[in-house]
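Quick look at upload.cif (mmCIF, C-alpha atoms):
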```cif
data_target
loop_
_atom_site.label_atom_id
_atom_site.label_comp_id
_atom_site.auth_asym_id
_atom_site.auth_seq_id
_atom_site.Cartn_x
_atom_site.Cartn_y
_atom_site.Cartn_z
CA MET A 239 -15.66 -13.74 -4.86
CA VAL A 240 -15.55 -12.25 -8.38
CA PRO A 241 -12.27 -13.23 -10.06
CA ASP A 242 -9.82 -10.34 -10.00
CA PRO A 243 -7.57 -10.49 -13.09
CA ASP A 244 -5.26 -7.85 -11.64
CA ALA A 245 -4.80 -9.93 -8.50
CA ALA A 246 -3.92 -12.90 -10.71
CA LEU A 247 -1.30 -10.73 -12.43
CA LEU A 248 0.21 -9.64 -9.13
CA LEU A 249 0.35 -13.26 -7.97
CA ALA A 250 2.07 -14.15 -11.25
CA PHE A 251 4.57 -11.39 -10.55
CA GLN A 252 5.11 -12.83 -7.06
CA ARG A 253 6.11 -16.06 -8.82
CA GLY A 254 8.65 -14.15 -10.91
CA ASP A 255 6.69 -13.14 -14.01
CA GLU A 256 8.02 -9.63 -14.72
CA SER A 257 5.71 -9.19 -17.72
CA ALA A 258 2.71 -9.46 -15.34
CA PHE A 259 3.95 -6.39 -13.48
CA ARG A 260 4.41 -4.55 -16.75
CA THR A 261 0.79 -5.33 -17.67
CA LEU A 262 -0.42 -4.01 -14.31
CA PHE A 263 1.56 -0.84 -14.85
CA GLU A 264 0.07 -0.33 -18.31
CA ARG A 265 -3.46 -0.94 -17.02
CA HIS A 266 -3.29 1.43 -14.08
CA ALA A 267 -0.75 4.10 -15.02
CA ARG A 268 -3.34 6.54 -16.32
CA SER A 269 -5.65 6.27 -13.30
CA MET A 270 -2.69 6.61 -10.92
CA VAL A 271 -1.45 9.79 -12.59
CA ALA A 272 -4.98 11.22 -12.49
CA PHE A 273 -5.38 10.23 -8.82
CA CYS A 274 -2.07 11.82 -7.82
CA HIS A 275 -2.90 14.92 -9.85
CA HIS A 276 -5.87 15.58 -7.57
CA PHE A 277 -3.42 16.01 -4.70
CA VAL A 278 -0.64 18.03 -6.29
CA ARG A 279 -2.29 19.69 -9.35
CA ASP A 280 0.98 19.48 -11.24
CA GLN A 281 1.57 17.13 -14.17
CA ALA A 282 5.26 16.44 -13.62
CA ARG A 283 4.85 15.96 -9.87
CA ALA A 284 1.76 13.78 -10.36
CA GLU A 285 3.73 11.53 -12.72
CA GLU A 286 6.59 11.33 -10.26
CA LEU A 287 4.20 10.39 -7.44
CA ALA A 288 2.49 7.78 -9.63
CA GLN A 289 5.88 6.28 -10.43
CA ASP A 290 6.65 6.22 -6.70
CA VAL A 291 3.40 4.30 -6.17
CA PHE A 292 4.39 1.66 -8.73
CA LEU A 293 7.88 1.38 -7.24
CA LYS A 294 6.25 0.82 -3.85
CA LEU A 295 3.89 -1.71 -5.42
CA HIS A 296 6.89 -3.51 -6.90
CA GLN A 297 8.48 -3.72 -3.46
CA ALA A 298 5.26 -4.55 -1.60
CA ALA A 299 4.10 -7.23 -4.05
CA PRO A 300 5.55 -10.13 -2.01
CA ARG A 301 3.30 -9.09 0.90
CA TYR A 302 0.13 -9.05 -1.21
CA GLN A 303 -2.58 -11.45 -0.05
CA PRO A 304 -5.16 -12.43 -2.67
CA SER A 305 -7.92 -11.91 -0.10
CA ALA A 306 -7.66 -8.16 -0.88
CA ARG A 307 -8.68 -6.83 -4.28
CA PHE A 308 -5.75 -5.51 -6.28
CA GLN A 309 -7.41 -2.12 -6.73
CA THR A 310 -7.80 -1.78 -2.97
CA PHE A 311 -4.14 -2.70 -2.46
CA LEU A 312 -2.96 -0.22 -5.11
CA TYR A 313 -5.13 2.70 -3.94
CA ARG A 314 -4.10 2.11 -0.34
CA ILE A 315 -0.46 2.52 -1.34
CA ALA A 316 -1.32 5.55 -3.47
CA SER A 317 -3.49 7.19 -0.80
CA ASN A 318 -0.82 6.84 1.87
CA HIS A 319 1.82 8.16 -0.49
CA CYS A 320 -0.21 11.19 -1.58
CA LEU A 321 -1.20 12.03 1.99
CA ASN A 322 2.44 11.82 3.05
CA GLU A 323 3.29 14.12 0.18
CA LEU A 324 0.69 16.62 1.37
CA ARG A 325 1.89 16.35 4.95
CA ARG A 326 5.41 17.14 3.87
CA GLY A 327 3.81 20.40 2.85
CA GLU A 328 6.34 21.41 0.25
CA HIS A 329 4.01 21.16 -2.66
CA GLN A 330 1.02 22.42 -0.71
CA ALA A 331 2.88 25.60 0.17
CA ARG A 332 4.06 26.08 -3.39
CA ARG A 333 0.58 25.63 -4.83
CA ALA A 334 -1.07 27.84 -2.21
CA ALA A 335 1.38 30.61 -2.99
CA GLY A 336 0.50 30.30 -6.67
CA ALA A 337 -3.27 29.85 -6.37
CA ASP A 338 -4.45 32.09 -3.56
CA GLY A 339 -3.84 35.29 -5.38
CA GLU A 340 -5.66 34.16 -8.50
CA PRO A 341 -9.29 34.96 -9.19
CA ALA A 342 -11.75 32.12 -8.69
CA GLU A 343 -14.52 33.26 -10.98
CA PRO A 344 -15.99 30.92 -13.57
CA ASP A 345 -14.85 33.08 -16.47
CA ALA A 346 -11.47 34.02 -15.11
CA LEU A 347 -8.37 32.88 -16.97
CA PRO A 348 -7.38 31.22 -20.24
CA GLY A 349 -6.34 27.55 -20.31
CA HIS A 350 -6.83 24.45 -22.46
CA GLY A 351 -10.18 23.57 -24.07
CA ALA A 352 -12.30 23.77 -27.17
CA THR A 353 -12.75 27.55 -27.02
CA PRO A 354 -10.90 30.20 -25.02
CA GLU A 355 -14.04 30.77 -22.95
CA GLU A 356 -14.46 27.08 -22.14
CA ALA A 357 -10.77 26.76 -21.38
CA ALA A 358 -10.91 29.74 -19.03
CA ARG A 359 -13.97 28.36 -17.28
CA GLY A 360 -12.34 24.93 -16.99
CA ALA A 361 -9.14 26.38 -15.55
CA ALA A 362 -11.04 28.46 -13.01
CA LEU A 363 -13.17 25.46 -12.03
CA GLU A 364 -10.00 23.39 -11.56
CA ARG A 365 -8.62 26.00 -9.19
CA ALA A 366 -11.88 26.19 -7.25
CA VAL A 367 -11.96 22.39 -6.90
CA ALA A 368 -8.30 22.35 -5.85
CA ARG A 369 -9.04 24.95 -3.17
CA MET A 370 -12.10 23.03 -2.02
CA LEU A 371 -10.11 19.76 -1.81
CA ALA A 372 -7.27 21.48 0.05
CA GLY A 373 -9.77 22.69 2.65
CA LEU A 374 -11.17 19.22 3.37
CA PRO A 375 -9.96 16.95 6.17
CA GLU A 376 -7.69 14.21 4.80
CA LYS A 377 -10.17 11.35 4.89
CA GLN A 378 -12.99 13.38 3.36
CA ARG A 379 -10.64 14.46 0.61
CA LEU A 380 -9.58 10.90 -0.10
CA ALA A 381 -13.17 9.67 -0.03
CA LEU A 382 -14.30 12.40 -2.40
CA VAL A 383 -11.48 11.84 -4.89
CA LEU A 384 -11.91 8.06 -4.83
CA CYS A 385 -15.68 8.34 -5.23
CA ARG A 386 -16.14 11.28 -7.62
CA PHE A 387 -12.99 11.09 -9.76
CA GLN A 388 -11.76 7.50 -9.57
CA GLY A 389 -15.22 5.93 -9.61
CA LEU A 390 -14.80 3.59 -6.63
CA SER A 391 -17.88 2.28 -4.82
CA TYR A 392 -18.47 2.96 -1.13
CA GLU A 393 -17.42 -0.64 -0.40
CA GLU A 394 -14.18 -0.24 -2.34
CA ILE A 395 -13.40 3.07 -0.62
CA ALA A 396 -14.02 1.41 2.75
CA GLY A 397 -11.40 -1.19 1.76
CA VAL A 398 -8.87 1.47 0.78
CA LEU A 399 -9.42 3.59 3.89
CA GLU A 400 -9.68 0.52 6.10
CA THR A 401 -12.98 1.67 7.54
CA THR A 402 -16.68 0.77 7.36
CA VAL A 403 -19.20 1.51 4.61
CA PRO A 404 -21.32 3.70 6.94
CA ALA A 405 -18.17 5.70 7.74
CA VAL A 406 -17.50 6.16 4.01
CA LYS A 407 -21.11 7.19 3.47
CA SER A 408 -20.64 9.91 6.05
CA LEU A 409 -17.25 11.03 4.64
CA VAL A 410 -18.57 11.23 1.08
CA HIS A 411 -21.69 13.09 2.18
CA ARG A 412 -19.81 15.71 4.17
CA ALA A 413 -17.30 16.22 1.37
CA THR A 414 -20.09 16.55 -1.20
CA VAL A 415 -21.87 19.12 0.95
CA ALA A 416 -18.59 21.07 1.18
CA ALA A 417 -18.23 20.81 -2.61
CA ALA A 418 -21.77 22.12 -3.06
CA GLU A 419 -20.92 25.20 -1.01
CA ALA A 420 -17.58 25.82 -2.70
CA LEU A 421 -18.74 25.18 -6.25
CA ALA A 422 -22.11 26.95 -6.13
CA PRO A 423 -21.03 29.45 -8.84
CA TRP A 424 -20.34 26.57 -11.23
CA ALA A 425 -23.54 24.63 -10.58
CA PRO A 426 -25.85 24.59 -13.60
CA GLY A 427 -28.94 26.58 -12.61
CA GLU A 428 -31.35 24.36 -14.45
CA GLU A 429 -30.05 21.13 -12.82
CA ARG A 430 -33.22 20.06 -11.05
CA ARG A 431 -34.82 16.68 -10.54
CA SER A 432 -38.25 16.42 -12.14
CA MET B 89 -39.88 14.71 10.31
CA SER B 90 -36.19 13.76 9.97
CA HIS B 91 -34.53 14.63 6.69
CA LEU B 92 -32.52 12.34 4.45
CA GLY B 93 -29.11 13.60 5.58
CA GLU B 94 -26.30 11.23 4.52
CA ASN B 95 -28.81 9.05 2.71
CA LEU B 96 -29.36 11.88 0.22
CA THR B 97 -25.79 11.67 -1.12
CA ALA B 98 -25.94 7.88 -1.05
CA PHE B 99 -29.23 8.14 -2.96
CA LEU B 100 -27.55 10.25 -5.65
CA ASP B 101 -24.65 7.78 -5.78
CA GLY B 102 -26.97 4.79 -6.18
CA ALA B 103 -25.57 3.38 -2.94
CA LEU B 104 -28.87 2.72 -1.17
CA SER B 105 -30.60 -0.64 -0.96
CA PRO B 106 -33.83 -0.90 -2.99
CA ALA B 107 -35.90 -0.47 0.18
CA GLU B 108 -33.87 2.58 1.28
CA ARG B 109 -34.17 4.05 -2.18
CA GLU B 110 -37.96 3.69 -2.14
CA GLU B 111 -38.03 5.32 1.26
CA ALA B 112 -35.85 8.21 0.03
CA LEU B 113 -38.05 8.77 -3.03
CA HIS B 114 -41.14 8.80 -0.84
CA HIS B 115 -39.49 11.30 1.51
CA LEU B 116 -38.36 13.58 -1.33
CA ALA B 117 -41.87 13.68 -2.75
CA GLY B 118 -43.10 15.26 0.46
CA CYS B 119 -40.11 17.33 1.67
CA ALA B 120 -39.26 20.62 -0.04
CA ALA B 121 -36.11 21.10 2.09
CA CYS B 122 -34.64 17.77 1.00
CA ARG B 123 -35.61 18.49 -2.62
CA ALA B 124 -33.71 21.78 -2.41
CA GLU B 125 -30.70 20.05 -0.88
CA GLU B 126 -30.88 17.37 -3.54
CA ALA B 127 -30.78 20.06 -6.25
CA ARG B 128 -27.81 21.71 -4.55
CA LEU B 129 -25.87 18.46 -4.34
CA ARG B 130 -26.73 17.56 -7.93
CA GLY B 131 -25.33 20.96 -8.92
CA ALA B 132 -22.05 20.13 -7.16
CA LEU B 133 -21.85 16.75 -8.86
CA ALA B 134 -22.50 18.41 -12.22
CA ALA B 135 -19.72 20.96 -11.55
CA LEU B 136 -17.29 18.18 -10.62
CA ALA B 137 -18.26 16.26 -13.73
CA ALA B 138 -17.54 19.37 -15.82
CA LEU B 139 -13.90 19.45 -14.71
CA PRO B 140 -11.44 19.13 -17.59
CA LEU B 141 -10.19 15.56 -17.93
CA PRO B 142 -7.10 14.82 -15.87
CA PRO B 143 -3.85 14.91 -17.82
CA GLU B 144 -2.72 11.83 -19.69
CA PRO B 145 0.66 10.44 -18.70
CA SER B 146 3.34 11.96 -20.89
CA PRO B 147 4.83 9.75 -23.65
CA ALA B 148 8.03 9.19 -21.67
CA PHE B 149 6.17 8.29 -18.47
CA GLU B 150 6.49 4.53 -18.82
CA GLN B 151 10.09 4.71 -20.03
CA ARG B 152 11.04 6.93 -17.09
CA PHE B 153 9.34 4.54 -14.69
CA HIS B 154 11.25 1.53 -15.99
CA ALA B 155 14.48 3.53 -15.83
CA ARG B 156 13.74 4.35 -12.18
CA LEU B 157 12.86 0.71 -11.48
CA ALA B 158 16.12 -0.45 -13.05
CA ARG B 159 18.03 2.17 -11.03
CA GLN B 160 16.31 1.08 -7.83
CA ARG B 161 17.23 -2.56 -8.49
CA SER B 162 20.76 -1.62 -9.39
CA GLU B 163 21.07 0.41 -6.18
CA ARG B 164 19.81 -2.55 -4.17
CA ARG B 165 22.29 -4.84 -5.90
CA GLY B 166 24.99 -2.18 -5.58
CA TRP B 167 24.35 -1.96 -1.88
CA LEU B 168 24.91 -5.69 -1.56
CA ALA B 169 27.87 -5.59 -3.92
CA ARG B 170 29.55 -2.85 -1.91
CA LEU B 171 29.17 -4.78 1.31
CA PRO B 172 31.86 -7.49 0.72
CA ALA B 173 34.70 -5.03 0.62
CA ARG B 174 33.94 -3.47 3.97
CA TRP B 175 31.43 -5.63 5.76
CA VAL B 176 30.77 -9.01 4.24
CA LEU B 177 34.32 -10.45 4.51
CA PRO B 178 34.78 -9.50 8.18
CA ALA B 179 31.23 -10.67 8.86
CA ALA B 180 31.88 -13.94 7.06
CA ALA B 181 35.15 -14.39 9.01
CA ALA B 182 33.30 -13.73 12.27
CA CYS B 183 30.64 -16.27 11.27
CA ALA B 184 33.31 -18.84 10.39
CA ALA B 185 35.06 -18.25 13.72
CA ALA B 186 31.76 -18.64 15.54
CA VAL B 187 31.02 -21.88 13.70
CA LEU B 188 34.52 -23.14 14.49
CA ALA B 189 34.16 -22.22 18.17
CA VAL B 190 30.82 -24.01 18.36
CA GLY B 191 32.37 -27.03 16.62
CA VAL B 192 35.29 -27.15 19.06
CA GLU B 193 32.92 -26.78 21.98
CA LEU B 194 30.73 -29.61 20.69
CA ARG B 195 33.72 -31.84 20.12
CA GLN B 196 35.05 -31.16 23.63
CA ARG B 197 31.64 -31.87 25.05
CA ARG B 198 31.43 -35.12 23.08
CA GLU B 199 34.88 -36.19 24.36
CA LEU B 200 33.91 -35.43 27.94
CA GLU B 201 30.69 -37.36 27.55
CA HIS B 202 32.62 -40.24 26.00
CA ALA B 203 35.17 -40.12 28.84
CA ALA B 204 32.36 -40.12 31.37
CA ARG B 205 30.84 -43.16 29.73
CA HIS B 206 34.27 -44.77 29.56
CA LEU B 207 34.89 -43.95 33.21
CA ASP B 208 31.79 -45.95 34.08
CA LEU B 209 33.25 -48.83 32.13
CA LEU B 210 36.61 -48.49 33.85
CA GLU B 211 34.85 -48.68 37.19
CA SER B 212 33.69 -52.13 36.17
CA TYR B 213 36.52 -54.63 36.46
CA GLU B 214 34.60 -56.92 34.13
CA ALA B 215 34.85 -54.35 31.40
CA VAL B 216 38.55 -53.93 32.02
CA GLU B 217 39.02 -57.65 31.70
CA ALA B 218 36.89 -57.77 28.56
CA ALA B 219 39.11 -55.16 26.99
CA GLY B 220 41.80 -57.86 26.79
CA ASP B 221 44.68 -55.55 26.08
CA VAL B 222 45.67 -54.90 29.70
CA PRO B 223 49.08 -54.88 31.30
CA PRO B 224 49.95 -58.11 33.27
CA GLU B 225 49.70 -56.38 36.64
CA ASP B 226 46.21 -55.15 35.75
CA ALA B 227 45.21 -58.60 34.54
CA GLU B 228 46.41 -59.94 37.86
CA LEU B 229 44.35 -57.34 39.63
CA VAL B 230 41.30 -58.25 37.54
CA ALA B 231 41.77 -61.90 38.34
CA HIS B 232 42.02 -60.99 41.99
CA LEU B 233 38.90 -58.99 41.77
CA HIS B 234 37.20 -62.01 40.16
CA GLU B 235 38.21 -64.05 43.09
CA LEU B 236 36.88 -61.43 45.44
CA GLY B 237 33.63 -61.31 43.44
CA GLY B 238 33.33 -65.10 43.61
CA GLU B 239 33.70 -65.01 47.35
CA ARG B 240 30.62 -62.82 47.72
#
```
As a first step, turn the structure in this file into structure tokens.
Amino acid sequence: MVPDPDAALLLAFQRGDESAFRTLFERHARSMVAFCHHFVRDQARAEELAQDVFLKLHQAAPRYQPSARFQTFLYRIASNHCLNELRRGEHQARRAAGADGEPAEPDALPGHGATPEEAARGAALERAVARMLAGLPEKQRLALVLCRFQGLSYEEIAGVLETTVPAVKSLVHRATVAAAEALAPWAPGEERRS
Amino acid sequence: MSHLGENLTAFLDGALSPAEREEALHHLAGCAACRAEEARLRGALAALAALPLPPEPSPAFEQRFHARLARQRSERRGWLARLPARWVLPAAAACAAAVLAVGVELRQRRELEHAARHLDLLESYEAVEAAGDVPPEDAELVAHLHELGGER
């Protein structure tokens, strides 16, 4: 097995090395906030959820077995936590109330970016992706986020979702097909394989 | 002819084996429907890649986390610290009483066992004689018993 430096850090933390946990936090804080943001689309809430994930990691560390990759262990905690958050429905309802009435056109609203036009396009695309993700079944949503935004391989996603690689292949495919339908207005027209 | 289906997305993700990839390329060369689907999926991937970058954690993110962690630890310790006043002392007293009761029980059992063993010894007149420190009437009885034993 390829050595996993993060796993070594978590094992060091198991032995009482608090600085090892701090290093893990620094390494993965950004990706955890980004991951959580794909579920709640709100910076403050995403940060709160990411902090929850690290608090859970801190508590679950004694149960960690080095046979599992650290990344798998961390994303499993994060996935369960974000899905629970969605199931609670509070945030979902709040976001739906805010987003459904907004236009979903590529050149809709102002936001952040290099130019006002780019910012508006980016903000509208974000809303369209959020709506698309919200419409996916839970596992497809997780598979899509882990694959397209967090950069995990099919094998790694299978570890997080505790399923098989063929099952992940199917989940990612169905979610990508759904994305193709939902995001057709944003697809570059000249994107064709030669 | 069956189309690529799930293998098309896996092909775009570089998740096929070399043999599967060759097969997919060969299929795409001869299948307009799969080429159209490939273009559609590539468009979706391009749109997803064009999303604005996710937000960076705010400057106070790490500080807030460590404050929460410290609070969580303090609450755990506080929970334990609050216990002695209401729960730990009575619980400790109950434990001590239980240990004492078990000790008394064990001691009584040991004494009974010892008595039982001793009773066996008392049933043997030889043991009574060996004890030495016996009243004269008992010594007389032991001697008599010796005589009786010698007659057998």
Within 10 Å of stretch 127-140 of chain B, counting only C-alpha atoms, which residues qualify if same-chain residues fewer than 4 places away don't, as a ChimeraX atom specification? /A:350-351,356-357,359-364,367,386-387,411,414-431 /B:96-97,100-101,121-123
Report as a PyMOL selection string the residues that result from applying the PyMOL selection byres ((chain B and resi 94) around 9) to the structure here. (chain A and resi 407-408+410-412) or (chain B and resi 92-93+95-99)
Contacts of A:Phe251 at 12 Å or less, counting all atoms listed in the file, minus same-chain residues fewer than 3 places along, as a PDB file with C-alpha atoms, in the coordinates of the input?
```
ATOM      1  CA  ASP A 244      -5.260  -7.850 -11.640  1.00  0.00           C
ATOM      2  CA  ALA A 245      -4.800  -9.930  -8.500  1.00  0.00           C
ATOM      3  CA  ALA A 246      -3.920 -12.900 -10.710  1.00  0.00           C
ATOM      4  CA  LEU A 247      -1.300 -10.730 -12.430  1.00  0.00           C
ATOM      5  CA  LEU A 248       0.210  -9.640  -9.130  1.00  0.00           C
ATOM      6  CA  GLY A 254       8.650 -14.150 -10.910  1.00  0.00           C
ATOM      7  CA  ASP A 255       6.690 -13.140 -14.010  1.00  0.00           C
ATOM      8  CA  GLU A 256       8.020  -9.630 -14.720  1.00  0.00           C
ATOM      9  CA  SER A 257       5.710  -9.190 -17.720  1.00  0.00           C
ATOM     10  CA  ALA A 258       2.710  -9.460 -15.340  1.00  0.00           C
ATOM     11  CA  PHE A 259       3.950  -6.390 -13.480  1.00  0.00           C
ATOM     12  CA  ARG A 260       4.410  -4.550 -16.750  1.00  0.00           C
ATOM     13  CA  THR A 261       0.790  -5.330 -17.670  1.00  0.00           C
ATOM     14  CA  LEU A 262      -0.420  -4.010 -14.310  1.00  0.00           C
ATOM     15  CA  PHE A 263       1.560  -0.840 -14.850  1.00  0.00           C
ATOM     16  CA  LEU A 295       3.890  -1.710  -5.420  1.00  0.00           C
ATOM     17  CA  HIS A 296       6.890  -3.510  -6.900  1.00  0.00           C
ATOM     18  CA  GLN A 297       8.480  -3.720  -3.460  1.00  0.00           C
ATOM     19  CA  ALA A 298       5.260  -4.550  -1.600  1.00  0.00           C
ATOM     20  CA  ALA A 299       4.100  -7.230  -4.050  1.00  0.00           C
ATOM     21  CA  PRO A 300       5.550 -10.130  -2.010  1.00  0.00           C
ATOM     22  CA  ARG A 301       3.300  -9.090   0.900  1.00  0.00           C
ATOM     23  CA  TYR A 302       0.130  -9.050  -1.210  1.00  0.00           C
TER      24      TYR A 302
END
```
Counting only C-alpha atoms, the residue among A:Phe273, A:Leu371, A:Arg365, A:Arg268 that lies closest to A:Cys320 is A:Phe273
Suppose you want the space between atom CA of A:Glu323 and atom CA of A:Pro304; what is it in Å?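 A separation of 28.0 Å between them.
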Atom-to-atom span, atom CA of B:Pro145 and atom CA of B:Arg164, Å: 27.3 Å
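Counting only C-alpha atoms and comparing A:Ala381, A:Ala306, A:Val403, A:Leu293, the residue that lies closest to B:Ala158 is A:Leu293.
The space separating atom CA of A:Leu384 from atom CA of A:Asn318 comes to 13.0 Å.
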Could you write out as a ChimeraX atom specification the residues that the PyMOL selection byres ((chain A and resi 269) around 10) matches in the shown file? /A:265-268,270-275,288,387-388 /B:142-145
Once the PyMOL selection byres ((chain B and resi 150) around 10) has been applied to the shown file, what residues remain in the selection, as a PyMOL selection string? (chain A and resi 260+263-264+267+285+289) or (chain B and resi 145-149+151-156)
Excluding A:Pro404 and residues on its chain fewer than 5 positions from it, collect all residues at most 9 Å away from it, counting all atoms listed in the file, and give them as a PDB file with C-alpha atoms, in the coordinates of the input.
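Everything below was put into part.pdb:
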```pdb
ATOM      1  CA  TYR A 392     -18.470   2.960  -1.130  1.00  0.00           C
ATOM      2  CA  ALA A 396     -14.020   1.410   2.750  1.00  0.00           C
ATOM      3  CA  LEU A 409     -17.250  11.030   4.640  1.00  0.00           C
TER       4      LEU A 409
END
```
For chain A, which residue out of B:Ala185, B:Leu157, B:Leu104, B:Ala112 is the nearest one, using all atoms listed in the file? B:Leu157
Which is closer to chain A than all the others in B:Leu116, B:Ser162, B:Glu108, B:Ser90, using all atoms listed in the file?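 Nearest candidate to chain A out of B:Leu116, B:Ser162, B:Glu108, B:Ser90: B:Leu116.
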Listed atoms of stretch 297-316 of chain A boxed along x, y and z, 3 Å each side, centre and edge lengths in Å, one decimal, as JSON:
```
{"center_x": -0.1, "center_y": -3.4, "center_z": -2.9, "size_x": 23.2, "size_y": 24.0, "size_z": 13.6}
```
